[in-house]
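Some notes on the structure that comes next.
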Amino acid sequence: MQLSLEQRLLRFLAREERDEQRTSRELRAQPVELRVLEGECLQGAIYRRAEGSSFVFELRDNTSKFRAGDPLVVGDGVDLEGGCALSYGSYDAETRLLRLEPDPFVRDADPFFEPGETYVLDRRPLGLQGRLRDAVRGAFASKQLVAVLDGEHELRRDEGRYERAKAALARTGLNPAQVEAGAAAVATESLALVQGPPGTGKTRLLATTVAMLCAAGCRIAVCAFTHRAVDNALLALRRAAPDLPLFKLSSSSTDGVKLLRQNRVQLADARRSRFPDKACVVAGTCFQLAKLHERERFHYTVFDEAGQLPIPHALPGMLRGSRWLFFGDHEQLPPVVTTAHADRGAAASIFEHLHVRFGSLLLDTTYRMNDGVCRVVSETFYGGKLHPAAEAAARRLPFAPGGRLDDVLDPAVPMVWLRIDHRQPGQRSVEEANAVADLVEDVVRRHGVPPAEVAVIAPFRAQVRAIRTAIQHKALSGADELTIETVERVQGQEREVVVLSLTAGDPAESKQQGAFHLSLNRLNVALSRARTKAVLVGSAHAFDALPHDAEALRMASRCKELRDRLHQVDLTKLYVVGPAGG
């Protein structure tokens, strides 16, 4: 019997909850040192003081995967049930100070820490699937939402409002595709989707559109998956509308709260606060919108980074609004899914789900990538429809010829495959780490690119650590300003130069992990961070994987197409000790 979408979403949530609990149990059974290596734990956090509602710890190094708002348990690393429940705030690498915040979902007694004592920080399961199940059931009790989610809704717009919005937006300096997308969003009587590839001004358009709607007296809810995305949208809104009442539900990191307050964003309690009857923005994560009083209704709910928002997580926001605007890009990072072999339709983002059924308006001009970087990204991920703005197209990497890596760093070839045919299995390649370190050294020392304008990306934490070690041996001035991270940590950022290490070189290993390190979405995000130069460092053997899964096999095939579009420089003999194989 074929399951309905409601049943599939409920089954997906149940499996996510089960797998989250199992993963948590397995992780907690591991020694602290192993949890630290996995990036799921921090060891050696020395408690210093309380500052307002924040708790400040001193930490020598932060190698975790924690992000602002992540739920943590703080204790001895052994009795994880008896620790204090807090959420991750921020870490300052210069001062080595880590700030933790109260968890808005936990109403326990105030945490107590002994000054000077050392603590261990572990990830804590959120356990919020019940809220999402309620949202799914609520959404499928609405005939309108059922029609939208099933793709049977008929899109409508107010033509008069469309023409007025188009004329007004054309006067703001937006490009034609932005004007068209913004006008369609303003005029919709139901929903509109705006696809924003890298560097196309998606957030600016969102802010301009919301400001225009609020100027007409609309109440707007803004929703995103993470606090960081919510904060970014609010800051863009403040730039677009200096006097618009803006409210943020619940907390951000300490630094985030400070910045929001500096920009006159009011922090509000989802359960207790009352908001203006018109012309205001109330913003929060999907869970915070779900906590609003039933009386709080909005003319529009606007979703930012909707390509990362799972369908169930979007439903609390959809239940609050009469019309829905989705800004995102399903060709970039997808939702994070715990369940292996999840129902792809149920695990898709709300943006991809609706894009398949209703289409979306593409922002077609990037102000980030030069012509060479854009050409590869456009042809591989956007059907050749993305093009660079005139001011971006001609940008080139600064270049001082005479180095041994000139063929790789030649500015006339903005995107290059640095081929090193090793067969290293697993999640670490010394060969690639050494090559990346040499590249970074040349880019900074010979060609004069500031370290802060260089990003090095790898799919695995182990390779990130190996690259950091290799670069440390170069003793580069300003090396602490380099970005050396996994791809999830660089979403939304841009740099002059990007170096991507694929890492895996064993086809058998790639066969098992191909859906991860040869993910089209991750490759898109990684390479499209670059303004003038992107270098993919990898073994040809990494592309030889033949995954069993049909979707992973399709991805592997398209990754080969991407590889074939790149200018190739083979330096296997320089970096591989002994036979490369194959």
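Labels for the structure tokens follow display order: chains A, B, ..., residues from 1 in each chain, ligands from 1.
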
Close residues, Val56 in chain A itself excluded, 9 Å, only C-alpha atoms, min 2 positions apart in chain, as a PyMOL selection string: chain A and resi 46-51+54+58+97-100

Got time to write the residues from that selection, N, CA, C and O atoms, as an mmCIF file, in the first residue's frame?
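See out39.cif below for the written result:
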```cif
data_model
loop_
_atom_site.group_PDB
_atom_site.id
_atom_site.type_symbol
_atom_site.label_atom_id
_atom_site.label_comp_id
_atom_site.auth_asym_id
_atom_site.auth_seq_id
_atom_site.Cartn_x
_atom_site.Cartn_y
_atom_site.Cartn_z
ATOM 1 N N ILE A 46 37.835 25.116 31.068
ATOM 2 C CA ILE A 46 38.003 25.602 32.433
ATOM 3 C C ILE A 46 36.992 26.724 32.690
ATOM 4 O O ILE A 46 36.981 27.739 31.979
ATOM 5 N N TYR A 47 36.164 26.520 33.698
ATOM 6 C CA TYR A 47 35.137 27.537 33.985
ATOM 7 C C TYR A 47 35.780 28.767 34.624
ATOM 8 O O TYR A 47 36.554 28.666 35.579
ATOM 9 N N ARG A 48 35.437 29.939 34.080
ATOM 10 C CA ARG A 48 36.006 31.189 34.587
ATOM 11 C C ARG A 48 34.985 32.065 35.318
ATOM 12 O O ARG A 48 35.219 32.524 36.416
ATOM 13 N N ARG A 49 33.833 32.289 34.687
ATOM 14 C CA ARG A 49 32.903 33.237 35.313
ATOM 15 C C ARG A 49 31.554 33.200 34.585
ATOM 16 O O ARG A 49 31.428 32.631 33.501
ATOM 17 N N ALA A 50 30.585 33.850 35.222
ATOM 18 C CA ALA A 50 29.287 34.088 34.594
ATOM 19 C C ALA A 50 29.226 35.542 34.153
ATOM 20 O O ALA A 50 29.726 36.428 34.856
ATOM 21 N N GLU A 51 28.648 35.780 32.988
ATOM 22 C CA GLU A 51 28.453 37.144 32.480
ATOM 23 C C GLU A 51 27.003 37.274 32.044
ATOM 24 O O GLU A 51 26.631 36.793 30.979
ATOM 25 N N SER A 54 25.179 34.269 30.459
ATOM 26 C CA SER A 54 26.171 33.413 29.805
ATOM 27 C C SER A 54 27.146 32.815 30.810
ATOM 28 O O SER A 54 27.374 33.367 31.893
ATOM 29 N N GLU A 58 37.371 28.891 29.592
ATOM 30 C CA GLU A 58 38.612 29.032 28.840
ATOM 31 C C GLU A 58 38.924 27.690 28.184
ATOM 32 O O GLU A 58 38.891 26.641 28.835
ATOM 33 N N LEU A 97 38.252 32.081 24.731
ATOM 34 C CA LEU A 97 37.093 32.075 25.617
ATOM 35 C C LEU A 97 35.886 31.478 24.900
ATOM 36 O O LEU A 97 35.549 31.863 23.776
ATOM 37 N N LEU A 98 35.251 30.538 25.565
ATOM 38 C CA LEU A 98 34.056 29.856 25.069
ATOM 39 C C LEU A 98 32.858 30.299 25.892
ATOM 40 O O LEU A 98 32.913 30.313 27.123
ATOM 41 N N ARG A 99 31.787 30.680 25.213
ATOM 42 C CA ARG A 99 30.582 31.129 25.914
ATOM 43 C C ARG A 99 29.448 30.140 25.655
ATOM 44 O O ARG A 99 29.166 29.783 24.511
ATOM 45 N N LEU A 100 28.817 29.739 26.734
ATOM 46 C CA LEU A 100 27.642 28.881 26.662
ATOM 47 C C LEU A 100 26.433 29.663 27.151
ATOM 48 O O LEU A 100 26.552 30.540 28.010
#
```

Interface rows for range 236-334 of chain A against range 190-212 of chain A: nearest pair, Å to one decimal, 6 Å, only C-alpha atoms, as JSON lines:
```
{"residue": "A:Ala236", "atom": "CA", "partner": "A:Ala207", "partner_atom": "CA", "distance": 5.8}
{"residue": "A:Leu237", "atom": "CA", "partner": "A:Ala207", "partner_atom": "CA", "distance": 4.7}
{"residue": "A:Ala240", "atom": "CA", "partner": "A:Thr208", "partner_atom": "CA", "distance": 5.9}
{"residue": "A:Ala241", "atom": "CA", "partner": "A:Ala211", "partner_atom": "CA", "distance": 6.0}
{"residue": "A:Arg323", "atom": "CA", "partner": "A:Ser190", "partner_atom": "CA", "distance": 4.7}
{"residue": "A:Trp324", "atom": "CA", "partner": "A:Leu191", "partner_atom": "CA", "distance": 4.6}
{"residue": "A:Leu325", "atom": "CA", "partner": "A:Ala192", "partner_atom": "CA", "distance": 5.1}
{"residue": "A:Phe326", "atom": "CA", "partner": "A:Leu193", "partner_atom": "CA", "distance": 4.8}
{"residue": "A:Phe327", "atom": "CA", "partner": "A:Val194", "partner_atom": "CA", "distance": 4.9}
{"residue": "A:Gly328", "atom": "CA", "partner": "A:Gln195", "partner_atom": "CA", "distance": 5.3}
{"residue": "A:Asp329", "atom": "CA", "partner": "A:Gln195", "partner_atom": "CA", "distance": 5.0}
```

Would you kindly return, as a short mmCIF file (atom, residue, chain, number, x, y, z; two decimals) with N, CA, C and O atoms, in the first residue's frame, each protein, DNA or RNA residue with an atom no farther than 7 Å from any atom of Asp269 in chain A, considering only C-alpha atoms and excluding same-chain residues fewer than 4 positions away?
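That gives us around.cif:
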```cif
data_model
loop_
_atom_site.label_atom_id
_atom_site.label_comp_id
_atom_site.auth_asym_id
_atom_site.auth_seq_id
_atom_site.Cartn_x
_atom_site.Cartn_y
_atom_site.Cartn_z
N LEU A 249 12.91 35.91 18.24
CA LEU A 249 12.45 35.00 19.27
C LEU A 249 13.61 34.22 19.85
O LEU A 249 14.45 33.70 19.11
N SER A 250 13.67 34.15 21.16
CA SER A 250 14.66 33.38 21.90
C SER A 250 16.05 33.94 21.70
O SER A 250 16.25 35.09 21.32
N SER A 273 5.48 37.42 24.80
CA SER A 273 5.53 38.74 24.15
C SER A 273 4.30 38.99 23.28
O SER A 273 3.72 38.06 22.71
#
```

Using 7 Å as the limit and counting only C-alpha atoms, can you tabulate each residue of range 83-156 of chain A that touches range 60-71 of chain A, with its shortest atom-to-atom distance in Å and the two atoms involved, as a Markdown table?
```
| residue | atom | partner | partner_atom | distance |
| --- | --- | --- | --- | --- |
| A:Leu86 | CA | A:Pro71 | CA | 6.1 |
| A:Ser87 | CA | A:Pro71 | CA | 4.4 |
| A:Tyr88 | CA | A:Ala68 | CA | 5.1 |
| A:Gly89 | CA | A:Ala68 | CA | 4.9 |
| A:Ser90 | CA | A:Ala68 | CA | 6.4 |
| A:Arg96 | CA | A:Arg60 | CA | 5.9 |
| A:Asp103 | CA | A:Pro71 | CA | 6.9 |
| A:Arg123 | CA | A:Pro71 | CA | 6.1 |
| A:Arg124 | CA | A:Pro71 | CA | 5.3 |
| A:Pro125 | CA | A:Pro71 | CA | 6.9 |
| A:Leu126 | CA | A:Pro71 | CA | 6.5 |
```

Selected residue of minimal separation from Ala306 in chain A among A:Arg137, A:His355, A:Arg25, A:His473, counting only C-alpha atoms: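 Closest candidate: A:His355.
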
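Distance check against His293 in chain A using only C-alpha atoms: of A:Glu441, A:Arg320, A:Leu309, A:Ala347, the minimum falls on A:Arg320.
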
Spatial neighbours of Asp150 in chain A, max dist 9 Å, only C-alpha atoms, sep filter under 3 positions, as a JSON list (two decimals) with all heavy atoms, in the first residue's frame:
```json
[["chain", "number", "residue", "atom", "x", "y", "z"],
["A", 5, "LEU", "N", 1.79, 11.38, 1.88],
["A", 5, "LEU", "CA", 2.91, 12.22, 2.28],
["A", 5, "LEU", "C", 2.91, 12.43, 3.79],
["A", 5, "LEU", "O", 3.97, 12.43, 4.43],
["A", 5, "LEU", "CB", 2.84, 13.57, 1.55],
["A", 5, "LEU", "CG", 3.94, 14.58, 1.92],
["A", 5, "LEU", "CD1", 5.32, 14.01, 1.61],
["A", 5, "LEU", "CD2", 3.73, 15.89, 1.17],
["A", 145, "LEU", "N", -3.04, 23.72, 2.83],
["A", 145, "LEU", "CA", -1.67, 23.22, 2.94],
["A", 145, "LEU", "C", -1.53, 21.84, 2.31],
["A", 145, "LEU", "O", -0.49, 21.53, 1.71],
["A", 145, "LEU", "CB", -1.25, 23.18, 4.42],
["A", 145, "LEU", "CG", -0.79, 24.50, 5.01],
["A", 145, "LEU", "CD1", -0.42, 24.34, 6.47],
["A", 145, "LEU", "CD2", 0.40, 25.06, 4.24],
["A", 146, "VAL", "N", -2.54, 21.02, 2.42],
["A", 146, "VAL", "CA", -2.50, 19.70, 1.77],
["A", 146, "VAL", "C", -2.35, 19.87, 0.27],
["A", 146, "VAL", "O", -1.55, 19.19, -0.39],
["A", 146, "VAL", "CB", -3.75, 18.87, 2.11],
["A", 146, "VAL", "CG1", -3.84, 17.63, 1.23],
["A", 146, "VAL", "CG2", -3.75, 18.47, 3.58],
["A", 147, "ALA", "N", -3.12, 20.80, -0.30],
["A", 147, "ALA", "CA", -3.04, 21.05, -1.75],
["A", 147, "ALA", "C", -1.66, 21.55, -2.14],
["A", 147, "ALA", "O", -1.11, 21.15, -3.18],
["A", 147, "ALA", "CB", -4.12, 22.05, -2.17],
["A", 153, "HIS", "N", -2.11, 22.67, -5.72],
["A", 153, "HIS", "CA", -2.56, 24.05, -5.53],
["A", 153, "HIS", "C", -2.33, 24.86, -6.81],
["A", 153, "HIS", "O", -1.33, 24.68, -7.50],
["A", 153, "HIS", "CB", -1.79, 24.68, -4.37],
["A", 153, "HIS", "CG", -2.09, 26.12, -4.16],
["A", 153, "HIS", "ND1", -3.25, 26.57, -3.58],
["A", 153, "HIS", "CD2", -1.36, 27.23, -4.46],
["A", 153, "HIS", "CE1", -3.23, 27.88, -3.52],
["A", 153, "HIS", "NE2", -2.10, 28.31, -4.04],
["A", 354, "LEU", "N", 8.88, 21.75, -3.07],
["A", 354, "LEU", "CA", 7.96, 22.66, -3.77],
["A", 354, "LEU", "C", 8.48, 23.05, -5.14],
["A", 354, "LEU", "O", 7.70, 23.28, -6.07],
["A", 354, "LEU", "CB", 7.72, 23.90, -2.91],
["A", 354, "LEU", "CG", 7.02, 23.66, -1.57],
["A", 354, "LEU", "CD1", 6.91, 24.95, -0.77],
["A", 354, "LEU", "CD2", 5.64, 23.03, -1.78],
["A", 357, "ARG", "N", 7.36, 20.75, -7.79],
["A", 357, "ARG", "CA", 5.93, 20.84, -8.09],
["A", 357, "ARG", "C", 5.50, 22.17, -8.69],
["A", 357, "ARG", "O", 4.56, 22.22, -9.49],
["A", 357, "ARG", "CB", 5.14, 20.56, -6.80],
["A", 357, "ARG", "CG", 5.23, 19.10, -6.38],
["A", 357, "ARG", "CD", 5.03, 18.88, -4.90],
["A", 357, "ARG", "NE", 5.11, 17.45, -4.60],
["A", 357, "ARG", "CZ", 6.28, 16.79, -4.49],
["A", 357, "ARG", "NH1", 7.43, 17.44, -4.63],
["A", 357, "ARG", "NH2", 6.29, 15.50, -4.24]]
```

10 Å contact set for range 31-39 of chain A, only C-alpha atoms, chain neighbours under 2 positions out, as a list of chain:residue names: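 The filter keeps A:Leu27, A:Arg28, A:Ala29, A:Cys41, A:Leu42, A:Gln43, A:Asn62, A:Thr63, A:Ser64, A:Lys65, A:Phe66, A:Asp76, A:Gly77, A:Val78, A:Val120, A:Leu121, A:Asp122, A:Arg123, A:Phe460, A:Arg461, A:Ala462, A:Arg465.
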
Given the selection you just returned, output its residues as a file containing N, CA and C atoms, formatted as a compact mmCIF listing (two decimals), in the first residue's frame.
```
# COMPACT_ATOMS: atom_id res chain seq x y z
N LEU A 27 27.64 7.15 20.72
CA LEU A 27 28.67 8.18 20.93
C LEU A 27 29.06 8.26 22.39
N ARG A 28 28.07 8.20 23.26
CA ARG A 28 28.34 8.31 24.69
C ARG A 28 29.11 7.10 25.22
N ALA A 29 29.02 5.98 24.52
CA ALA A 29 29.74 4.77 24.94
C ALA A 29 31.22 4.85 24.60
N CYS A 41 32.66 16.49 20.91
CA CYS A 41 32.95 16.69 22.32
C CYS A 41 34.09 17.69 22.46
N LEU A 42 34.08 18.45 23.54
CA LEU A 42 35.18 19.34 23.88
C LEU A 42 35.69 18.99 25.27
N GLN A 43 36.99 18.86 25.39
CA GLN A 43 37.62 18.46 26.64
C GLN A 43 38.51 19.61 27.14
N ASN A 62 39.36 24.81 19.89
CA ASN A 62 38.01 24.32 19.59
C ASN A 62 38.04 23.52 18.30
N THR A 63 38.01 22.20 18.41
CA THR A 63 38.02 21.33 17.24
C THR A 63 36.66 20.69 17.00
N SER A 64 35.65 21.19 17.67
CA SER A 64 34.33 20.57 17.58
C SER A 64 33.57 21.02 16.34
N LYS A 65 32.46 20.34 16.12
CA LYS A 65 31.54 20.70 15.03
C LYS A 65 30.35 21.51 15.56
N PHE A 66 30.44 21.98 16.80
CA PHE A 66 29.32 22.68 17.41
C PHE A 66 29.08 24.02 16.74
N ASP A 76 31.39 15.86 33.62
CA ASP A 76 32.70 15.21 33.73
C ASP A 76 33.02 14.32 32.54
N GLY A 77 32.11 14.22 31.58
CA GLY A 77 32.34 13.38 30.41
C GLY A 77 32.02 11.93 30.63
N VAL A 78 31.64 11.56 31.85
CA VAL A 78 31.31 10.17 32.18
C VAL A 78 29.81 10.06 32.49
N VAL A 120 33.86 18.84 30.65
CA VAL A 120 33.76 18.23 29.32
C VAL A 120 32.39 18.60 28.75
N LEU A 121 32.37 18.96 27.46
CA LEU A 121 31.13 19.36 26.79
C LEU A 121 30.78 18.35 25.72
N ASP A 122 29.59 17.77 25.83
CA ASP A 122 29.11 16.79 24.85
C ASP A 122 27.83 17.28 24.20
N ARG A 123 27.61 16.80 22.98
CA ARG A 123 26.34 17.13 22.31
C ARG A 123 25.19 16.43 23.03
N PHE A 460 36.35 15.74 5.55
CA PHE A 460 36.48 14.99 6.79
C PHE A 460 37.27 15.78 7.82
N ARG A 461 36.88 15.64 9.09
CA ARG A 461 37.58 16.34 10.16
C ARG A 461 39.04 15.91 10.24
N ALA A 462 39.31 14.61 10.01
CA ALA A 462 40.69 14.11 10.08
C ALA A 462 41.57 14.81 9.06
N ARG A 465 42.39 18.38 10.13
CA ARG A 465 43.50 18.42 11.09
C ARG A 465 44.84 18.19 10.41
```
